[in-house]
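**Student:** Got a structure here, written out as structure tokens. Questions coming.
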Amino acid sequence: MILPLIKGLALTLKRFLNPSTCATVQYPEVRPKLASRFRGLPELQIGKDGREKCVACGLCAKACPSGCIYVEGAEDETHRRYPKTYELDAFRCIFCGFCEEACPVRAIILRDTFELSTYKNNQVFDKEKLLGLTRKRDLLKR
Amino acid sequence: MKTVHLVIDDKSIAVPEGTNIFQAAIDNNIYIPGLCYQPKLPQFGGCRLCMVEVTERRTGHRFACAHPVSEGMIVKVNTPKITRYRKSVMEYLLAHHPLDCPTCDKSGECGLQNISYDLNLAPGRFKTTRMNVPVIRDNPLLELNRNRCVLCGRCVSTCKEIEGLGAIDFQNRGIKTVIGTAFDKPLDCSFCGGCVAVCPTGAWQDRTLGFGGRSWEFMKTPTICPYCSVGCTIVLNTKASPPRRDGGVDTVKRVTSDDYTGINEGNLCVKGRFGYEFIHSSERINTPLLRRDNELIPVSWDEAIACISENFKKIIAEHGGASIGGIGSEKSTNEENYLFQKFCRTVLKTNNIDNLSNIKSPFLNGLIYKSVIHGFASASLKDIETATTLFFFGADITEAHPVIGNMARKAIRLKGANLVIANARNVQFQSQARSDVRLRYALGSQVALVNAIMKAIIDGNLVDLKKVEASTNNFPALRGQLNNFDPQLTGISAETIKQAATLLTNNGNSYLVCGKDVEEDPQGKDIIEALLNLCALINAGYNADTNSARISIFFSRSHNNSQGVNDVGVVPGYLPGYADIENASSRETVENVWGVKLPDDMCKKDNQDVFDLALQDKLKALYIMGENPMVNHPDGKKVHDALQKVGFIVVQDTFLTETARKANVVLPSATFAEKEGTFTNMGMLVQRLNKAIPPVGNARPDWQIISDIAKKMGHAFAYASPKDVMVELERVSPAYSGIIYDRLKRKEFHWTSFLLTKNKPLKYTFGVIEPGVLNISVSKDFPFILLTGANLNHQGTFSRHTKALMSVAPECLVEVSRNDARAMGVNNGDVVIIESARNKIKLKAKVSGKVSEGMVFISEDYERQPVNLLRDGAYTPVRIHKEIG
């Protein structure tokens, strides 16, 4: 009866002491490895012309179950539809990914940004902030 | 009319004979898909989607919009065969469609999109090149994207049948067919936006929206248009921002129309559909302003109201209440105007109150009331749609009341109505009337013209004269007098007058719209009395059984509530509901409700014009609510001088107008979108406003401001909402008795017909009018007569703060006749100087066929061009010359 117990404990100790199988990540010194489909903060994507891909169709705002997205479209001088205001309230976001799914132009994608804690009492990402995340990522890639 | 019974989708319904299946289905809430059928337009049959299975004697497939109902018919909307057919039609329609729903503003309310979803369409089998023609944006309001067009023809028939313009039509044939203007010139129309309203796809777009929101984000609030006196229902589309943005701001993003509410059947004019931007204009006053050291400084509400109450109290104590004048508003609600006159009469103890429409034509209220109690003004504007003859006397319908024009065209199209237009100018009214008689009278001959028509009626025995004599008083005197005028004076041939007389006495209902040109004419009183005689003459022989001739009169008013402001008694002569102020018994009812005794010396009918009193140094304070008399009073110089003499001026307005700039205290008031209340239109219909957004900035509704001042001055004005005010008004006013505020939301209140159900129309006494001579002293120095009138694109303070309207009609033009222009060498667009004995202004010229030789026309609705500074009466002699250099 005691033998299986020791056997089990041995496995635990083996895993516990072996650094390659240890589950604890030394965050923030060590960055966790995220799954490719990890759903972090939705980020606005940038098109080939260097501007936001978003066409302000408002489907993300409609699809959002927590109502954290607010879009206001406008017409620019080339009569293109673009978001004059795009706001995402990160406190309310539930990272469901419905916005990504609803987007007809793949302008919003949930990437790996997850460090969202703040001392402020609101955490609203406006258009520039959301685009900035993508810009930073592009810079890092290069 | 015979009723036909049929079955649509197992639902038994009964509809009038002659209805098509589509309309029968709409009336009974049965859905048949379709893109081209629109109840208010003639049937077109272009989209091919409304195919249904019809079993009459045998079963077959018919288009619902083109097939009339028959007794015992069985209709099936969805059978497998029809669904397959419909799917293939949709496949063809979508083969060319750009499918750019994410960027199309129609998305969410698009007919094509809805049907695609309903039919659960798979991607089409056809590989076609999508049309990729450039979008036409040649004007600031409308945009045409032909790629999205399904050629349903709704916009074409709206433009032709409802607006009467035909500015757009089909071009080319076959696969190359597109919608466009003649020779692809820039769109030059009235910009009523009817095409946008009826378009089932996103081909026509309202450019003022500018991608500002999606259809599902809008909260739709039907309310009443704040411009002219027709009282169209407009639907304000507001978008709310989340509470984290300044606590959540509601913004009016666009105006749409609803075909099924209100009197206008979804038809609007350019002002109604595009003139909403002033609500969120940056030029609005956001806080109360107080004059200190000759400058208007923002202060708090409490401070402003304390200052007003102190000053009013001081002035009442020192000089008495009669030294305070009040100007009510033609644009504020009935409730607010009622409170305004109650405030002036009970708190300030003054009867020096007036409104601009009464100042312009002081005789009008009496005559309107006379026409009401004699039963001539008992029709509602909507009845125009059933007219047999329409008579526009001195009214420029196309410019002043475009939606009445739409109703008239409906009568002409469906009922074959005839048209008689009498005007000094060659006013435009496009229609397909079978008989279209134009009486272009000479100025000053209007009474003679009306008398000539009456004489033609009597001479031609067009009415039953015995009956006239029996049912009216004083007919022989009228008949004797009718010979004493010179028919030559009018400049219209006897033949034409006879034709008009015949049309007016045709069997059926005729409607007479008495326009602004008559009301503001120096002889207006005589002309209107003559018109009432004409009405009495025709109506005397009315017999409901034979549907004989009957005429109803409408008085054209300029602003949305010009009728209401007079109805609720913001005039010196009448208490609310046209109760005579000098009559002690009618005063008693009001005094009992108000709990205040009105002193006898205060209640005088023949009070002087408020501005005259000010000029005579009799006024120490002036309280102006929502009005800009500096620009809108016919005599600008008088107002200018009068305001200089008044020591303390309170102005309550939305914008810092010319008048507000002169004020000591300016109070920001809320616009029509931000408050509740009622407006009364020129057809005496009381309609309810609905609040779409909370007041912008620090503005407050006028009724609240008045109550606050009254409370500060120690009087109980305990009103929590306009409803409380209306309840009191209902008790006080004989005209509005029977009105129930909550019921107004569902059904409008037509006070004249309600009044006539209680009291029988009185027996009419013909007034014998000696036509006076009109003195227009055209001299060699001032050879032209200046006419003023309405403009389609502008009205009041609101329109000039609306970007869309300013972009369509940026500047005021002076209309000069072709011959005069040629003689002076003036071309379209040349800058000319118009000079009267008083002043001169510089305007661009427009060579026009509308005015006769020796006349120039300037619209008085451009507030930035103070035409009233030129004027000293209705017809001011002026000279014009081209600007040199």
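Just remember, in the structure tokens the first chain shown is A, the second B, etc., residues are 1-based per chain, and ligands are 1-based in the order shown.
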Contacts from chain B to chain A, 12 Å maximum, only C-alpha atoms: show me the residue list as a short mmCIF file (atom, residue, chain, number, x, y, z; two decimals) with N, CA, C and O atoms, in the first residue's frame.
**Tutor:**
data_model
loop_
_atom_site.label_atom_id
_atom_site.label_comp_id
_atom_site.auth_asym_id
_atom_site.auth_seq_id
_atom_site.Cartn_x
_atom_site.Cartn_y
_atom_site.Cartn_z
N LEU B 99 -21.27 44.80 -53.22
CA LEU B 99 -21.20 44.11 -51.94
C LEU B 99 -20.24 44.81 -50.96
O LEU B 99 -19.43 44.18 -50.31
N ASP B 100 -20.34 46.13 -50.91
CA ASP B 100 -19.48 46.88 -50.00
C ASP B 100 -20.25 47.30 -48.75
O ASP B 100 -20.10 48.42 -48.26
N CYS B 101 -21.08 46.39 -48.25
CA CYS B 101 -21.92 46.71 -47.09
C CYS B 101 -21.15 47.32 -45.92
O CYS B 101 -21.68 48.22 -45.27
N PRO B 102 -19.93 46.86 -45.58
CA PRO B 102 -19.27 47.47 -44.43
C PRO B 102 -19.08 48.98 -44.55
O PRO B 102 -19.08 49.68 -43.55
N THR B 103 -18.91 49.49 -45.77
CA THR B 103 -18.69 50.93 -45.89
C THR B 103 -19.92 51.66 -46.43
O THR B 103 -19.86 52.84 -46.69
N CYS B 104 -21.03 50.93 -46.60
CA CYS B 104 -22.23 51.57 -47.15
C CYS B 104 -23.14 51.98 -46.00
O CYS B 104 -23.45 51.19 -45.12
N ASP B 105 -23.57 53.22 -46.02
CA ASP B 105 -24.42 53.72 -44.94
C ASP B 105 -25.81 53.11 -44.93
O ASP B 105 -26.55 53.25 -43.97
N LYS B 106 -26.19 52.47 -46.02
CA LYS B 106 -27.53 51.87 -46.07
C LYS B 106 -27.57 50.55 -45.30
O LYS B 106 -28.63 50.07 -44.94
N SER B 107 -26.41 49.99 -45.09
CA SER B 107 -26.32 48.68 -44.45
C SER B 107 -27.13 48.66 -43.15
O SER B 107 -26.99 49.53 -42.31
N GLY B 108 -27.98 47.66 -43.02
CA GLY B 108 -28.82 47.58 -41.84
C GLY B 108 -30.25 47.99 -42.12
O GLY B 108 -31.16 47.61 -41.41
N PRO B 134 -17.16 55.90 -61.23
CA PRO B 134 -16.94 56.82 -60.12
C PRO B 134 -18.24 57.30 -59.48
O PRO B 134 -19.27 57.41 -60.14
N VAL B 135 -18.18 57.53 -58.19
CA VAL B 135 -19.34 58.03 -57.46
C VAL B 135 -19.53 59.51 -57.80
O VAL B 135 -18.56 60.25 -57.91
N ILE B 136 -20.81 59.90 -58.01
CA ILE B 136 -21.07 61.29 -58.39
C ILE B 136 -21.30 62.12 -57.14
O ILE B 136 -22.27 61.90 -56.40
N ARG B 137 -20.39 63.04 -56.90
CA ARG B 137 -20.52 63.91 -55.72
C ARG B 137 -20.44 65.36 -56.19
O ARG B 137 -19.54 66.09 -55.81
N GLU B 143 -25.24 62.12 -52.81
CA GLU B 143 -24.22 61.44 -53.59
C GLU B 143 -24.85 60.23 -54.26
O GLU B 143 -25.71 59.57 -53.68
N ARG B 207 -25.13 62.99 -47.80
CA ARG B 207 -23.72 63.28 -47.53
C ARG B 207 -23.51 63.95 -46.19
O ARG B 207 -22.38 63.97 -45.68
N THR B 208 -24.55 64.55 -45.62
CA THR B 208 -24.35 65.24 -44.34
C THR B 208 -24.06 64.26 -43.22
O THR B 208 -23.49 64.62 -42.20
N LEU B 209 -24.46 63.00 -43.40
CA LEU B 209 -24.17 61.99 -42.38
C LEU B 209 -22.66 61.74 -42.33
O LEU B 209 -22.09 61.57 -41.26
N GLY B 210 -22.01 61.72 -43.48
CA GLY B 210 -20.56 61.58 -43.55
C GLY B 210 -20.03 60.37 -42.81
O GLY B 210 -19.06 60.47 -42.08
N PHE B 211 -20.64 59.21 -42.95
CA PHE B 211 -20.23 57.97 -42.29
C PHE B 211 -20.24 58.11 -40.76
O PHE B 211 -19.47 57.47 -40.07
N GLY B 212 -21.09 59.00 -40.26
CA GLY B 212 -21.08 59.30 -38.83
C GLY B 212 -21.74 58.25 -37.95
O GLY B 212 -21.74 58.39 -36.74
N GLY B 213 -22.32 57.23 -38.52
CA GLY B 213 -22.93 56.22 -37.68
C GLY B 213 -23.58 55.15 -38.54
O GLY B 213 -23.72 55.32 -39.74
N ARG B 214 -23.96 54.06 -37.92
CA ARG B 214 -24.62 52.98 -38.64
C ARG B 214 -26.09 52.97 -38.28
O ARG B 214 -26.46 53.37 -37.18
N SER B 215 -26.89 52.42 -39.19
CA SER B 215 -28.33 52.53 -38.99
C SER B 215 -28.78 51.87 -37.69
O SER B 215 -29.73 52.32 -37.06
N TRP B 216 -28.10 50.80 -37.27
CA TRP B 216 -28.54 50.12 -36.06
C TRP B 216 -28.11 50.85 -34.80
O TRP B 216 -28.54 50.52 -33.70
N GLU B 217 -27.22 51.84 -34.94
CA GLU B 217 -26.79 52.59 -33.77
C GLU B 217 -27.73 53.75 -33.46
O GLU B 217 -27.66 54.33 -32.39
N LYS B 239 -27.25 59.34 -32.18
CA LYS B 239 -26.30 58.31 -31.81
C LYS B 239 -25.77 58.65 -30.42
O LYS B 239 -25.43 59.80 -30.16
N ALA B 240 -25.73 57.65 -29.57
CA ALA B 240 -25.27 57.89 -28.20
C ALA B 240 -23.82 57.43 -28.08
O ALA B 240 -23.44 56.40 -28.63
N SER B 241 -23.02 58.21 -27.38
CA SER B 241 -21.67 57.74 -27.10
C SER B 241 -21.67 57.14 -25.71
O SER B 241 -22.54 57.43 -24.90
N PRO B 242 -20.67 56.26 -25.38
CA PRO B 242 -20.71 55.58 -24.08
C PRO B 242 -20.54 56.59 -22.94
O PRO B 242 -19.95 57.65 -23.13
N PRO B 243 -21.01 56.23 -21.74
CA PRO B 243 -20.98 57.17 -20.61
C PRO B 243 -19.57 57.65 -20.29
O PRO B 243 -19.40 58.71 -19.72
N ARG B 244 -18.56 56.86 -20.65
CA ARG B 244 -17.20 57.29 -20.29
C ARG B 244 -16.78 58.54 -21.06
O ARG B 244 -15.86 59.24 -20.66
N ARG B 245 -17.45 58.83 -22.18
CA ARG B 245 -17.11 60.05 -22.93
C ARG B 245 -18.02 61.18 -22.45
O ARG B 245 -19.17 61.25 -22.86
N GLY B 248 -21.55 60.47 -21.64
CA GLY B 248 -22.45 59.99 -22.69
C GLY B 248 -23.17 61.14 -23.36
O GLY B 248 -24.00 61.80 -22.76
N THR B 251 -25.96 62.67 -30.01
CA THR B 251 -25.77 63.59 -31.12
C THR B 251 -26.77 63.28 -32.22
O THR B 251 -26.96 62.12 -32.56
N LYS B 253 -27.48 62.80 -35.78
CA LYS B 253 -26.58 62.51 -36.88
C LYS B 253 -27.23 62.74 -38.24
O LYS B 253 -26.56 62.98 -39.23
#
**Student:** Which residues are near Ser190 of chain B? Cut-off 9 Å, only C-alpha atoms, ignore same chain within fewer than 6 positions. Put them as a list in words.
**Tutor:**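 Here the qualifying residues turn out to be Glu163, Leu165, Cys269, Val270, Leu792 and Asn793 of chain B.
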**Student:** Taking the chain letters and numbering used in this document, name the residues of segment 374-444 of chain B that DSSP puts in alpha helix (DSSP H), as a PyMOL selection string.
**Tutor:** chain B and resi 397-400+402-415
**Student:** Kindly export the residues of the current selection with C-alpha atoms, as a compact mmCIF listing (two decimals), in the first residue's frame.
**Tutor:**
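Output below, filename again34.txt:
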# COMPACT_ATOMS: atom_id res chain seq x y z
CA ILE B 397 -45.77 77.28 -52.58
CA THR B 398 -42.58 75.85 -54.06
CA GLU B 399 -40.42 78.21 -52.03
CA ALA B 400 -42.45 78.75 -48.90
CA PRO B 402 -42.70 72.79 -50.52
CA VAL B 403 -44.50 69.92 -48.82
CA ILE B 404 -47.90 71.48 -49.53
CA GLY B 405 -46.69 71.41 -53.12
CA ASN B 406 -46.06 67.67 -52.73
CA MET B 407 -49.59 67.17 -51.39
CA ALA B 408 -50.98 69.23 -54.24
CA ARG B 409 -49.13 67.13 -56.79
CA LYS B 410 -50.61 64.03 -55.20
CA ALA B 411 -54.08 65.50 -55.66
CA ILE B 412 -53.24 66.35 -59.24
CA ARG B 413 -51.87 62.89 -59.98
CA LEU B 414 -54.49 60.78 -58.24
CA LYS B 415 -57.60 62.95 -58.30
**Student:** List every residue of segment 570-689 of chain B that DSSP, applied to the backbone of this structure, places in strand (DSSP E or B), and write the result as a ChimeraX atom specification.
**Tutor:** /B:574-575,579-580,621-625,648-653,655,665-669,677-680,685-689
**Student:** Excluding Arg254 of chain B and any residue of its chain fewer than 5 positions from it, enumerate the residues within 8 Å of it, using only C-alpha atoms, and give them as a ChimeraX atom specification.
**Tutor:** /B:208-209,236-238,273-274,276
**Student:** Store the residues picked out above in a file with C-alpha atoms, as a PDB file, in the first residue's frame.
**Tutor:**
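Wrote again.pdb, looks like this:
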ATOM      1  CA  THR B 208     -24.346  65.240 -44.345  1.00  0.00           C
ATOM      2  CA  LEU B 209     -24.166  61.989 -42.380  1.00  0.00           C
ATOM      3  CA  LEU B 236     -34.218  62.557 -35.733  1.00  0.00           C
ATOM      4  CA  ASN B 237     -31.550  59.865 -35.776  1.00  0.00           C
ATOM      5  CA  THR B 238     -29.419  60.210 -32.686  1.00  0.00           C
ATOM      6  CA  ARG B 273     -34.064  66.861 -44.224  1.00  0.00           C
ATOM      7  CA  PHE B 274     -30.697  68.587 -44.131  1.00  0.00           C
ATOM      8  CA  TYR B 276     -30.448  69.879 -38.491  1.00  0.00           C
TER       9      TYR B 276
END
**Student:** Taking 3 positions as the minimum chain separation for residues in the same chain, which residues sit within 10 Å of segment 650-658 of chain B when counting only C-alpha atoms? Answer as a PyMOL selection string.
**Tutor:** chain B and resi 278-279+281-286+288-290+304+308+326-327+329+621-631+640+661-671+699-702+705-706+797-798+801+863-864
**Student:** Please provide the set of residues having any atom within 10 Å of segment 444-448 of chain B, restricted to only C-alpha atoms, with same-chain residues fewer than 4 positions apart removed, written as a VMD selection string.
**Tutor:** chain B and resid 393 to 394 422 to 424 440 452 to 454 482 484 to 491 518 521 to 531 769 to 776
**Student:** What gap, in Å, lies between atom CA of Arg292 of chain B and atom CA of Asp635 of chain B?
**Tutor:**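 Between atom CA of Arg292 of chain B and atom CA of Asp635 of chain B the gap is 29.2 Å.
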**Student:** Within 8 Å of segment 478-481 of chain B, counting only C-alpha atoms, which residues show up once you throw out same-chain ones fewer than 6 positions away? Write them as a VMD selection string, please.
**Tutor:** chain B and resid 455 766 to 768
**Student:** List the neighbours of Gly577 of chain B out to 8 Å using only C-alpha atoms; skip same-chain residues closer than 5 positions along the sequence, and give me the result as a PyMOL selection string.
**Tutor:** chain B and resi 567-569+732-736
**Student:** Please determine, counting only C-alpha atoms, which residue among A:Val30, A:Lys48, A:Cys22, A:Phe95 has the shortest atom-to-atom distance to Ile109 of chain A.
**Tutor:**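 Nearest to Ile109 of chain A: A:Phe95.
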